[in-house]
>>> print(open('input13.pdb').read())   # PDB, C-alpha atoms and all ligand atoms
ATOM      1  CA  GLU A 480     237.772 115.366 -24.883
ATOM      2  CA  LEU A 481     235.997 115.131 -28.262
ATOM      3  CA  CYS A 482     238.215 114.368 -31.238
ATOM      4  CA  LYS A 483     238.270 112.675 -34.616
ATOM      5  CA  GLY A 484     238.754 108.933 -34.776
ATOM      6  CA  ILE A 485     239.141 106.588 -37.728
ATOM      7  CA  ASN A 486     237.505 107.845 -40.977
ATOM      8  CA  GLY A 487     236.767 111.172 -39.286
ATOM      9  CA  LEU A 488     234.189 109.643 -36.937
ATOM     10  CA  ASP A 489     233.796 111.536 -33.662
ATOM     11  CA  LYS A 490     235.153 109.910 -30.536
ATOM     12  CA  ILE A 491     235.493 110.876 -26.922
ATOM     13  CA  VAL A 492     238.635 110.093 -24.969
ATOM     14  CA  LEU A 493     238.309 109.632 -21.200
ATOM     15  CA  ARG A 494     241.455 109.830 -19.066
ATOM     16  CA  GLU A 495     241.584 109.041 -15.407
ATOM     17  CA  SER A 496     244.308 110.510 -13.160
ATOM     18  CA  GLY A 497     245.791 107.076 -12.372
ATOM     19  CA  GLY A 498     246.684 106.656 -16.061
ATOM     20  CA  SER A 499     243.847 104.501 -17.380
ATOM     21  CA  SER A 500     241.829 105.617 -20.393
ATOM     22  CA  ALA A 501     238.886 104.742 -22.610
ATOM     23  CA  GLU A 502     237.589 105.771 -26.019
ATOM     24  CA  VAL A 503     233.955 105.981 -27.046
ATOM     25  CA  TYR A 504     232.729 106.488 -30.616
ATOM     26  CA  LEU A 505     229.502 108.424 -31.144
ATOM     27  CA  TYR A 506     228.943 105.882 -33.912
ATOM     28  CA  GLY A 507     227.201 103.070 -32.052
ATOM     29  CA  GLY A 508     227.802 104.745 -28.667
ATOM     30  CA  GLN A 509     230.562 102.199 -28.742
ATOM     31  CA  VAL A 510     233.531 101.868 -26.416
ATOM     32  CA  THR A 511     236.470 100.893 -28.650
ATOM     33  CA  SER A 512     239.347 101.103 -26.211
ATOM     34  CA  TRP A 513     239.936 100.593 -22.513
ATOM     35  CA  LYS A 514     243.519 100.801 -21.292
ATOM     36  CA  ASN A 515     244.889 100.150 -17.832
ATOM     37  CA  ASP A 516     247.394 102.416 -16.064
ATOM     38  CA  HIS A 517     250.246 100.675 -17.917
ATOM     39  CA  GLY A 518     248.701 101.638 -21.248
ATOM     40  CA  GLU A 519     247.798  98.029 -22.040
ATOM     41  CA  GLU A 520     244.709  97.583 -24.209
ATOM     42  CA  LEU A 521     242.115  95.394 -22.508
ATOM     43  CA  LEU A 522     239.478  95.219 -25.238
ATOM     44  CA  PHE A 523     239.758  93.505 -28.584
ATOM     45  CA  VAL A 524     239.077  95.414 -31.806
ATOM     46  CA  SER A 525     239.670  93.576 -35.062
ATOM     47  CA  SER A 526     242.471  94.852 -37.287
ATOM     48  CA  LYS A 527     239.895  94.495 -40.075
ATOM     49  CA  ALA A 528     237.122  96.395 -38.281
ATOM     50  CA  ILE A 529     235.265  98.712 -40.645
ATOM     51  CA  PHE A 530     234.743 102.110 -39.042
ATOM     52  CA  LYS A 531     232.088 103.156 -41.514
ATOM     53  CA  PRO A 532     228.304 103.269 -41.221
ATOM     54  CA  PRO A 533     226.228 101.167 -41.615
ATOM     55  CA  LYS A 534     228.637  98.367 -40.645
ATOM     56  CA  ALA A 535     228.959  98.028 -36.871
ATOM     57  CA  ILE A 536     232.503  98.266 -35.484
ATOM     58  CA  ARG A 537     233.899  94.757 -34.885
ATOM     59  CA  GLY A 538     235.188  94.936 -31.340
ATOM     60  CA  GLY A 539     235.093  96.947 -28.142
ATOM     61  CA  ILE A 540     231.620  97.092 -26.604
ATOM     62  CA  PRO A 541     228.844  97.220 -29.209
ATOM     63  CA  ILE A 542     225.415  97.886 -27.713
ATOM     64  CA  CYS A 543     222.798  95.419 -28.875
ATOM     65  CA  PHE A 544     219.366  97.117 -28.734
ATOM     66  CA  PRO A 545     216.423  96.774 -29.200
ATOM     67  CA  GLN A 546     217.137  93.201 -30.209
ATOM     68  CA  PHE A 547     219.837  90.731 -29.316
ATOM     69  CA  ALA A 548     221.155  88.703 -32.294
ATOM     70  CA  SER A 549     218.276  87.325 -34.360
ATOM     71  CA  HIS A 550     215.814  87.067 -31.457
ATOM     72  CA  GLY A 551     213.162  89.037 -33.375
ATOM     73  CA  GLY A 552     212.456  90.536 -36.782
ATOM     74  CA  LEU A 553     215.069  93.310 -36.822
ATOM     75  CA  GLU A 554     218.594  93.220 -38.238
ATOM     76  CA  SER A 555     221.070  91.203 -36.150
ATOM     77  CA  HIS A 556     221.655  92.854 -32.756
ATOM     78  CA  GLY A 557     219.238  95.703 -33.503
ATOM     79  CA  PHE A 558     220.121  99.172 -34.758
ATOM     80  CA  ALA A 559     221.667 101.057 -31.801
ATOM     81  CA  ARG A 560     225.148  99.843 -32.771
ATOM     82  CA  ASN A 561     224.983 101.490 -36.175
ATOM     83  CA  ARG A 562     223.409 104.815 -35.353
ATOM     84  CA  ILE A 563     225.244 108.036 -34.554
ATOM     85  CA  TRP A 564     224.590 108.878 -30.916
ATOM     86  CA  SER A 565     224.712 112.415 -29.479
ATOM     87  CA  ILE A 566     226.449 113.830 -26.455
ATOM     88  CA  ASP A 567     223.876 114.357 -23.721
ATOM     89  CA  SER A 568     225.027 117.648 -22.253
ATOM     90  CA  ASP A 569     222.323 117.912 -19.604
ATOM     91  CA  PRO A 570     221.383 114.412 -18.489
ATOM     92  CA  PRO A 571     218.971 113.840 -15.627
ATOM     93  CA  SER A 572     220.882 112.713 -12.556
ATOM     94  CA  PHE A 573     222.138 109.160 -12.245
ATOM     95  CA  PRO A 574     221.291 108.629  -8.553
ATOM     96  CA  THR A 575     222.986 105.363  -7.651
ATOM     97  CA  VAL A 576     225.826 105.607 -10.126
ATOM     98  CA  SER A 577     229.392 105.913  -8.829
ATOM     99  CA  SER A 578     230.926 109.199  -7.889
ATOM    100  CA  SER A 579     233.454 108.971 -10.736
ATOM    101  CA  LYS A 580     234.124 112.359 -12.305
ATOM    102  CA  VAL A 581     235.523 110.933 -15.517
ATOM    103  CA  PHE A 582     232.562 110.130 -17.688
ATOM    104  CA  ILE A 583     230.607 110.936 -20.821
ATOM    105  CA  ASP A 584     226.858 110.846 -21.300
ATOM    106  CA  LEU A 585     225.425 109.869 -24.669
ATOM    107  CA  ILE A 586     221.868 109.705 -25.895
ATOM    108  CA  LEU A 587     220.060 107.925 -28.712
ATOM    109  CA  LYS A 588     216.525 108.735 -29.822
ATOM    110  CA  PRO A 589     214.809 107.107 -32.783
ATOM    111  CA  THR A 590     214.553 108.959 -36.093
ATOM    112  CA  GLU A 591     211.459 108.757 -38.281
ATOM    113  CA  GLU A 592     213.222 106.069 -40.297
ATOM    114  CA  ASP A 593     213.912 104.071 -37.112
ATOM    115  CA  MET A 594     210.235 104.384 -36.155
ATOM    116  CA  LYS A 595     209.348 102.654 -39.425
ATOM    117  CA  ILE A 596     211.296  99.537 -38.495
ATOM    118  CA  TRP A 597     210.608  99.704 -34.731
ATOM    119  CA  PRO A 598     207.560 101.898 -34.043
ATOM    120  CA  HIS A 599     208.338 102.915 -30.473
ATOM    121  CA  SER A 600     209.613 106.184 -29.126
ATOM    122  CA  PHE A 601     212.371 105.893 -26.566
ATOM    123  CA  GLU A 602     215.286 107.720 -25.005
ATOM    124  CA  PHE A 603     218.380 105.650 -24.483
ATOM    125  CA  ARG A 604     220.917 107.291 -22.187
ATOM    126  CA  LEU A 605     224.342 105.757 -21.848
ATOM    127  CA  ARG A 606     226.959 106.815 -19.338
ATOM    128  CA  VAL A 607     230.513 105.530 -19.807
ATOM    129  CA  ALA A 608     232.697 106.181 -16.759
ATOM    130  CA  LEU A 609     236.215 105.372 -15.603
ATOM    131  CA  GLY A 610     236.572 104.667 -11.891
ATOM    132  CA  PRO A 611     239.575 105.670  -9.757
ATOM    133  CA  GLY A 612     241.214 102.242 -10.162
ATOM    134  CA  GLY A 613     240.653 102.240 -13.897
ATOM    135  CA  ASP A 614     237.409 100.265 -13.745
ATOM    136  CA  LEU A 615     235.147 100.790 -16.730
ATOM    137  CA  MET A 616     231.479 101.346 -15.954
ATOM    138  CA  LEU A 617     228.610 101.475 -18.409
ATOM    139  CA  THR A 618     225.119 102.431 -17.359
ATOM    140  CA  SER A 619     222.215 102.284 -19.788
ATOM    141  CA  ARG A 620     218.882 103.861 -19.069
ATOM    142  CA  ILE A 621     216.106 103.237 -21.537
ATOM    143  CA  ARG A 622     212.803 105.072 -21.204
ATOM    144  CA  ASN A 623     209.539 104.551 -23.018
ATOM    145  CA  THR A 624     208.616 108.081 -24.144
ATOM    146  CA  SER A 625     205.684 107.138 -26.342
ATOM    147  CA  ALA A 626     202.526 109.174 -26.233
ATOM    148  CA  ASP A 627     200.358 106.388 -27.610
ATOM    149  CA  GLY A 628     200.072 104.604 -24.252
ATOM    150  CA  LYS A 629     201.619 101.421 -25.580
ATOM    151  CA  PRO A 630     204.304  99.381 -23.845
ATOM    152  CA  PHE A 631     207.276  98.011 -25.777
ATOM    153  CA  SER A 632     209.630  95.082 -25.229
ATOM    154  CA  PHE A 633     213.281  94.689 -26.101
ATOM    155  CA  THR A 634     216.300  92.482 -25.599
ATOM    156  CA  PHE A 635     219.726  93.895 -24.874
ATOM    157  CA  ALA A 636     223.441  93.099 -24.567
ATOM    158  CA  TYR A 637     226.761  94.786 -23.869
ATOM    159  CA  HIS A 638     228.585  92.761 -26.520
ATOM    160  CA  THR A 639     232.014  93.063 -24.857
ATOM    161  CA  TYR A 640     235.047  91.795 -26.798
ATOM    162  CA  PHE A 641     237.810  91.084 -24.257
ATOM    163  CA  SER A 642     241.399  90.924 -25.430
ATOM    164  CA  VAL A 643     243.047  87.641 -24.358
ATOM    165  CA  SER A 644     246.535  86.280 -24.961
ATOM    166  CA  ASP A 645     245.521  82.813 -26.137
ATOM    167  CA  ILE A 646     241.944  81.537 -26.044
ATOM    168  CA  SER A 647     243.115  78.013 -25.195
ATOM    169  CA  GLU A 648     244.616  79.354 -21.932
ATOM    170  CA  VAL A 649     241.461  81.163 -20.841
ATOM    171  CA  ARG A 650     238.707  80.058 -18.526
ATOM    172  CA  VAL A 651     235.494  81.629 -17.383
ATOM    173  CA  GLU A 652     234.235  81.204 -13.846
ATOM    174  CA  GLY A 653     230.749  81.892 -12.565
ATOM    175  CA  LEU A 654     228.711  80.135 -15.236
ATOM    176  CA  GLU A 655     229.311  76.491 -14.276
ATOM    177  CA  THR A 656     226.225  74.335 -13.614
ATOM    178  CA  LEU A 657     223.927  76.949 -15.173
ATOM    179  CA  ASP A 658     221.387  76.448 -17.931
ATOM    180  CA  TYR A 659     222.143  77.881 -21.353
ATOM    181  CA  LEU A 660     220.489  78.241 -24.726
ATOM    182  CA  ASP A 661     222.836  76.993 -27.419
ATOM    183  CA  ASN A 662     222.756  79.141 -30.556
ATOM    184  CA  LEU A 663     224.692  76.421 -32.376
ATOM    185  CA  GLN A 664     221.924  73.915 -31.592
ATOM    186  CA  ASN A 665     218.675  75.712 -32.489
ATOM    187  CA  LYS A 666     218.705  77.685 -29.223
ATOM    188  CA  GLU A 667     217.954  74.464 -27.344
ATOM    189  CA  ARG A 668     218.340  74.477 -23.565
ATOM    190  CA  PHE A 669     221.154  72.522 -21.868
ATOM    191  CA  THR A 670     222.858  72.545 -18.474
ATOM    192  CA  GLU A 671     226.569  73.335 -18.227
ATOM    193  CA  GLN A 672     228.432  70.333 -16.823
ATOM    194  CA  GLY A 673     232.071  71.431 -16.546
ATOM    195  CA  ASP A 674     233.851  72.993 -13.560
ATOM    196  CA  ALA A 675     234.766  76.166 -15.421
ATOM    197  CA  ILE A 676     234.353  77.054 -19.058
ATOM    198  CA  THR A 677     237.337  76.503 -21.335
ATOM    199  CA  PHE A 678     237.602  76.864 -25.097
ATOM    200  CA  GLU A 679     238.567  74.448 -27.817
ATOM    201  CA  SER A 680     235.960  75.097 -30.513
ATOM    202  CA  GLU A 681     233.272  77.537 -31.607
ATOM    203  CA  ILE A 682     230.949  78.634 -28.801
ATOM    204  CA  ASP A 683     227.741  80.675 -28.912
ATOM    205  CA  LYS A 684     225.741  80.186 -25.724
ATOM    206  CA  ILE A 685     223.299  82.286 -23.746
ATOM    207  CA  TYR A 686     223.671  81.399 -20.058
ATOM    208  CA  VAL A 687     220.450  82.320 -18.286
ATOM    209  CA  SER A 688     219.873  83.698 -14.784
ATOM    210  CA  THR A 689     223.581  84.105 -14.098
ATOM    211  CA  PRO A 690     225.228  85.504 -10.957
ATOM    212  CA  THR A 691     226.064  89.210 -10.901
ATOM    213  CA  LYS A 692     229.798  88.452 -10.977
ATOM    214  CA  ILE A 693     231.678  86.550 -13.696
ATOM    215  CA  ALA A 694     235.455  86.199 -14.028
ATOM    216  CA  ILE A 695     237.583  85.640 -17.131
ATOM    217  CA  LEU A 696     240.983  84.232 -16.191
ATOM    218  CA  ASP A 697     243.775  84.736 -18.705
ATOM    219  CA  HIS A 698     246.459  82.381 -17.497
ATOM    220  CA  GLU A 699     249.174  83.475 -19.917
ATOM    221  CA  LYS A 700     248.677  87.218 -19.340
ATOM    222  CA  LYS A 701     248.257  86.618 -15.594
ATOM    223  CA  ARG A 702     245.202  88.839 -15.775
ATOM    224  CA  THR A 703     241.654  88.386 -14.571
ATOM    225  CA  PHE A 704     238.748  90.384 -15.874
ATOM    226  CA  VAL A 705     235.959  90.730 -13.361
ATOM    227  CA  LEU A 706     232.582  91.560 -14.772
ATOM    228  CA  ARG A 707     229.841  92.805 -12.475
ATOM    229  CA  LYS A 708     226.368  93.423 -13.789
ATOM    230  CA  ASP A 709     223.033  94.675 -12.623
ATOM    231  CA  GLY A 710     219.662  94.407 -14.348
ATOM    232  CA  LEU A 711     221.148  91.963 -16.842
ATOM    233  CA  PRO A 712     220.300  88.386 -15.863
ATOM    234  CA  ASP A 713     221.908  86.572 -18.808
ATOM    235  CA  ALA A 714     225.454  86.203 -20.107
ATOM    236  CA  VAL A 715     226.340  85.369 -23.693
ATOM    237  CA  VAL A 716     229.655  83.660 -24.411
ATOM    238  CA  TRP A 717     230.835  83.806 -28.021
ATOM    239  CA  ASN A 718     233.947  82.886 -29.943
ATOM    240  CA  PRO A 719     233.589  82.288 -33.694
ATOM    241  CA  TRP A 720     236.640  79.982 -33.931
ATOM    242  CA  ASP A 721     238.441  79.367 -37.220
ATOM    243  CA  LYS A 722     235.703  78.625 -39.766
ATOM    244  CA  LYS A 723     233.347  81.465 -38.806
ATOM    245  CA  ALA A 724     236.352  83.786 -38.463
ATOM    246  CA  LYS A 725     237.261  83.121 -42.096
ATOM    247  CA  ALA A 726     233.677  83.808 -43.161
ATOM    248  CA  MET A 727     233.630  87.282 -41.546
ATOM    249  CA  ALA A 728     234.983  90.030 -43.791
ATOM    250  CA  ASP A 729     235.747  92.347 -40.869
ATOM    251  CA  PHE A 730     237.628  89.826 -38.729
ATOM    252  CA  GLY A 731     241.128  88.393 -39.231
ATOM    253  CA  ASP A 732     241.425  84.637 -39.801
ATOM    254  CA  ASP A 733     243.483  84.042 -36.647
ATOM    255  CA  GLU A 734     242.046  86.760 -34.456
ATOM    256  CA  TYR A 735     239.653  84.360 -32.722
ATOM    257  CA  LYS A 736     242.644  83.207 -30.670
ATOM    258  CA  HIS A 737     242.987  86.626 -29.084
ATOM    259  CA  MET A 738     239.414  87.547 -28.192
ATOM    260  CA  LEU A 739     236.475  86.336 -26.194
ATOM    261  CA  CYS A 740     233.027  87.868 -25.975
ATOM    262  CA  VAL A 741     231.318  87.640 -22.603
ATOM    263  CA  GLU A 742     228.203  89.736 -22.855
ATOM    264  CA  ALA A 743     226.041  90.952 -19.981
ATOM    265  CA  ALA A 744     222.571  90.627 -21.458
ATOM    266  CA  ALA A 745     218.807  90.425 -21.069
ATOM    267  CA  VAL A 746     217.734  87.945 -23.719
ATOM    268  CA  GLU A 747     215.710  85.055 -22.397
ATOM    269  CA  LYS A 748     213.026  87.276 -20.872
ATOM    270  CA  PRO A 749     212.561  90.502 -22.856
ATOM    271  CA  ILE A 750     212.253  93.718 -20.854
ATOM    272  CA  THR A 751     208.865  95.440 -21.136
ATOM    273  CA  LEU A 752     208.412  99.145 -20.449
ATOM    274  CA  LYS A 753     205.107 100.957 -20.127
ATOM    275  CA  PRO A 754     204.993 104.625 -21.208
ATOM    276  CA  GLY A 755     207.032 106.704 -18.770
ATOM    277  CA  GLU A 756     208.849 103.689 -17.353
ATOM    278  CA  GLU A 757     212.622 103.406 -17.351
ATOM    279  CA  TRP A 758     214.892 100.377 -17.288
ATOM    280  CA  ARG A 759     218.477 100.405 -16.129
ATOM    281  CA  GLY A 760     221.270  97.965 -16.998
ATOM    282  CA  ARG A 761     224.749  98.331 -15.600
ATOM    283  CA  LEU A 762     228.083  96.738 -16.377
ATOM    284  CA  GLU A 763     231.280  97.215 -14.395
ATOM    285  CA  LEU A 764     234.585  95.802 -15.638
ATOM    286  CA  SER A 765     237.859  95.525 -13.774
ATOM    287  CA  ALA A 766     241.128  93.988 -14.897
ATOM    288  CA  VAL A 767     243.372  92.741 -12.115
ATOM    289  CA  PRO A 768     246.690  90.876 -12.043
ATOM    290  CA  SER A 769     245.851  87.205 -11.364
ATOM    291  CA  SER A 770     248.177  86.998  -8.380
ATOM    292  CA  TYR A 771     245.815  89.362  -6.543
ATOM    293  CA  CYS A 772     242.879  87.042  -7.106
ATOM    294  CA  SER A 773     244.075  83.823  -5.565
ATOM    295  CA  GLY A 774     241.219  82.025  -3.945
ATOM    296  CA  GLN A 775     238.662  83.433  -6.381
TER
HETATM  297  C1  LIG B   1     227.026  87.029 -30.641
HETATM  298  C2  LIG B   1     225.937  86.100 -31.065
HETATM  299  O1  LIG B   1     226.590  87.765 -29.552
HETATM  300  O2  LIG B   1     227.347  87.905 -31.709
HETATM  301  C3  LIG B   1     226.395  85.347 -32.293
HETATM  302  O3  LIG B   1     225.616  85.218 -30.011
HETATM  303  C4  LIG B   1     226.817  86.304 -33.393
HETATM  304  O4  LIG B   1     225.358  84.493 -32.746
HETATM  305  C5  LIG B   1     227.852  87.261 -32.836
HETATM  306  O5  LIG B   1     227.358  85.577 -34.476
HETATM  307  C6  LIG B   1     228.348  88.300 -33.838
HETATM  308  O6  LIG B   1     227.284  88.982 -34.420
HETATM  309  P1  LIG B   1     227.554  90.072 -35.509
HETATM  310  O7  LIG B   1     226.180  90.474 -36.015
HETATM  311  O8  LIG B   1     228.276  91.210 -34.841
HETATM  312  O9  LIG B   1     228.408  89.434 -36.578
END
>>> encode(input="input13.pdb", output="structure tokens", more="lines below")
Ligand code: BG6
Amino acid sequence: ELCKGINGLDKIVLRESGGSSAEVYLYGGQVTSWKNDHGEELLFVSSKAIFKPPKAIRGGIPICFPQFASHGGLESHGFARNRIWSIDSDPPSFPTVSSSKVFIDLILKPTEEDMKIWPHSFEFRLRVALGPGGDLMLTSRIRNTSADGKPFSFTFAYHTYFSVSDISEVRVEGLETLDYLDNLQNKERFTEQGDAITFESEIDKIYVSTPTKIAILDHEKKRTFVLRKDGLPDAVVWNPWDKKAKAMADFGDDEYKHMLCVEAAAVEKPITLKPGEEWRGRLELSAVPSSYCSGQ
């Protein structure tokens, strides 16, 4: 269902028969809402988010491409998150992707202006799907369509903003003992020491070579988000905390308490595609009551 969202921007609403739903803006190809079968919102979107190009929407699942953060010469997080994507009405088949019938296919191709800042021709296909249990699945397929015979490299992230009750009650499992690059310390490499990751100050870390499954446990909400990823070796964990929150115009001063970004990413080792080659990166999110996850 295509309809008008904030400021008249086009959005697609997906509804699954069990009652869960999701919203995707063509602006940024960005998921801005994911609700479970009780109608509870699972993603964070700032109350101050600016739904107006060229500012990227603060929340949901921005797509960082062809550059993650400032790991290169482009604007922060690349340009895919502030371009208007199109509906891909006749996508090539997605062979291994779930049998879900509730999905939308979007496509982004570079304009001439884009080619001036990043001189590579590509087709970026994004499928957003809701599974029978309300799982949210994102599949990205990026193809090098250049005729000049040249490969290109990129970094990538699904910059997911999870909604949490209270950041001080949250922990992340699956990243302990791993190496990370600390953005707050000149991207230097460290090894995580703790048992699980908890939050009491600003964090901006790129965990490298992470397992395919990561869990975010929200003790107060009695909810666990399970993130499964494929083709995306890294995981970025970000919370701006109070000072950075105040410095962001499109983010409320206290909102850092109610969000956490855990981003399935490919950052440390850029992906390189030769002409005709395609890369695939997949993210699957589930939200389950914590009582069902004992022992995890
Ligand atoms: C995170 C980065 O992914 O995104 C942070 O690791 C960055 O360094 C944050 O501050 C937000 O970026 P932006 O461009 O959306 O304000």
>>> residues_near_ligand(input="input13.pdb", ligand="ligand LIG 1 (chain B)", cutoff="7 Å", atoms="only C-alpha atoms and all ligand atoms", output="PyMOL selection string")
chain A and resi 537+548+555-556+638+662+683-684+715+717
>>> write_last_selection(input="input13.pdb", atoms="C-alpha atoms", output="PDB file, keeping the file's coordinate frame")
ATOM      1  CA  ARG A 537     233.899  94.757 -34.885  1.00  0.00           C
ATOM      2  CA  ALA A 548     221.155  88.703 -32.294  1.00  0.00           C
ATOM      3  CA  SER A 555     221.070  91.203 -36.150  1.00  0.00           C
ATOM      4  CA  HIS A 556     221.655  92.854 -32.756  1.00  0.00           C
ATOM      5  CA  HIS A 638     228.585  92.761 -26.520  1.00  0.00           C
ATOM      6  CA  ASN A 662     222.756  79.141 -30.556  1.00  0.00           C
ATOM      7  CA  ASP A 683     227.741  80.675 -28.912  1.00  0.00           C
ATOM      8  CA  LYS A 684     225.741  80.186 -25.724  1.00  0.00           C
ATOM      9  CA  VAL A 715     226.340  85.369 -23.693  1.00  0.00           C
ATOM     10  CA  TRP A 717     230.835  83.806 -28.021  1.00  0.00           C
TER      11      TRP A 717
END
>>> closest_residue(input="input13.pdb", among="A:Thr670, A:Thr624, A:Gln509, A:Ser579", to="Phe601 (chain A)", atoms="all atoms listed in the file")
A:Thr624
>>> atom_distance(input="input13.pdb", atom1="CA of Phe582 (chain A)", atom2="CA of Thr511 (chain A)")
14.9 Å
>>> resolve_selection(input="input13.pdb", expression="the PyMOL selection byres (((chain A and resi 560) around 7) and not hetatm)", output="list in words")
Gly507, Gly508, Ala535, Pro541, Ile542, Cys543, Phe558, Ala559, Asn561 and Arg562 of chain A
>>> closest_atom_pairs(input="input13.pdb", of="region 614-673 of chain A", to="region 727-750 of chain A", cutoff="10 Å", atoms="all atoms listed in the file", output="CSV")
residue,atom,partner,partner_atom,distance
A:Phe631,CA,A:Ile750,CA,8.2
A:Ser632,CA,A:Ile750,CA,5.3
A:Phe633,CA,A:Pro749,CA,5.3
A:Thr634,CA,A:Pro749,CA,5.0
A:Phe635,CA,A:Ala745,CA,5.2
A:Ala636,CA,A:Ala744,CA,4.1
A:Tyr637,CA,A:Glu742,CA,5.3
A:His638,CA,A:Glu742,CA,4.8
A:Thr639,CA,A:Cys740,CA,5.4
A:Tyr640,CA,A:Cys740,CA,4.5
A:Phe641,CA,A:Leu739,CA,5.3
A:Ser642,CA,A:Met738,CA,4.8
A:Val643,CA,A:His737,CA,4.8
A:Ser644,CA,A:His737,CA,5.5
A:Asp645,CA,A:Lys736,CA,5.4
A:Ile646,CA,A:Lys736,CA,5.0
A:Ser647,CA,A:Lys736,CA,7.6
A:Glu648,CA,A:Lys736,CA,9.8
A:Val649,CA,A:Leu739,CA,9.0
A:Val651,CA,A:Val741,CA,9.0
A:Tyr659,CA,A:Glu747,CA,9.7
A:Leu660,CA,A:Glu747,CA,8.6
>>> resolve_selection(input="input13.pdb", expression="the PyMOL selection byres (((chain A and resi 677) around 7) and not hetatm)", output="PyMOL selection string")
chain A and resi 649-651+675-676+678-679
>>> build_atoms(input="input13.pdb", residues="region 507-520 of chain A", atoms="N, CA and C atoms", output="mmCIF file, in the frame of the given file")
data_model
loop_
_atom_site.group_PDB
_atom_site.id
_atom_site.type_symbol
_atom_site.label_atom_id
_atom_site.label_comp_id
_atom_site.auth_asym_id
_atom_site.auth_seq_id
_atom_site.Cartn_x
_atom_site.Cartn_y
_atom_site.Cartn_z
ATOM 1 N N GLY A 507 227.505 104.261 -32.835
ATOM 2 C CA GLY A 507 227.201 103.070 -32.052
ATOM 3 C C GLY A 507 227.195 103.320 -30.544
ATOM 4 N N GLY A 508 227.636 104.515 -30.111
ATOM 5 C CA GLY A 508 227.802 104.745 -28.667
ATOM 6 C C GLY A 508 228.749 103.692 -28.138
ATOM 7 N N GLN A 509 229.779 103.421 -28.953
ATOM 8 C CA GLN A 509 230.562 102.199 -28.742
ATOM 9 C C GLN A 509 231.932 102.476 -28.119
ATOM 10 N N VAL A 510 232.191 101.805 -27.016
ATOM 11 C CA VAL A 510 233.531 101.868 -26.416
ATOM 12 C C VAL A 510 234.441 101.036 -27.328
ATOM 13 N N THR A 511 235.559 101.623 -27.761
ATOM 14 C CA THR A 511 236.470 100.893 -28.650
ATOM 15 C C THR A 511 237.844 100.694 -28.022
ATOM 16 N N SER A 512 238.048 101.277 -26.861
ATOM 17 C CA SER A 512 239.347 101.103 -26.211
ATOM 18 C C SER A 512 239.167 101.290 -24.707
ATOM 19 N N TRP A 513 239.888 100.462 -23.978
ATOM 20 C CA TRP A 513 239.936 100.593 -22.513
ATOM 21 C C TRP A 513 241.350 100.158 -22.126
ATOM 22 N N LYS A 514 242.126 101.106 -21.629
ATOM 23 C CA LYS A 514 243.519 100.801 -21.292
ATOM 24 C C LYS A 514 243.740 100.951 -19.795
ATOM 25 N N ASN A 515 244.567 100.058 -19.254
ATOM 26 C CA ASN A 515 244.889 100.150 -17.832
ATOM 27 C C ASN A 515 245.986 101.200 -17.616
ATOM 28 N N ASP A 516 246.425 101.346 -16.369
ATOM 29 C CA ASP A 516 247.394 102.416 -16.064
ATOM 30 C C ASP A 516 248.787 102.129 -16.625
ATOM 31 N N HIS A 517 248.990 100.938 -17.216
ATOM 32 C CA HIS A 517 250.246 100.675 -17.917
ATOM 33 C C HIS A 517 250.097 100.913 -19.414
ATOM 34 N N GLY A 518 248.935 101.395 -19.821
ATOM 35 C CA GLY A 518 248.701 101.638 -21.248
ATOM 36 C C GLY A 518 248.386 100.381 -22.036
ATOM 37 N N GLU A 519 248.109 99.285 -21.327
ATOM 38 C CA GLU A 519 247.798 98.029 -22.040
ATOM 39 C C GLU A 519 246.330 97.999 -22.440
ATOM 40 N N GLU A 520 246.083 97.664 -23.704
ATOM 41 C CA GLU A 520 244.709 97.583 -24.209
ATOM 42 C C GLU A 520 244.039 96.336 -23.660
#
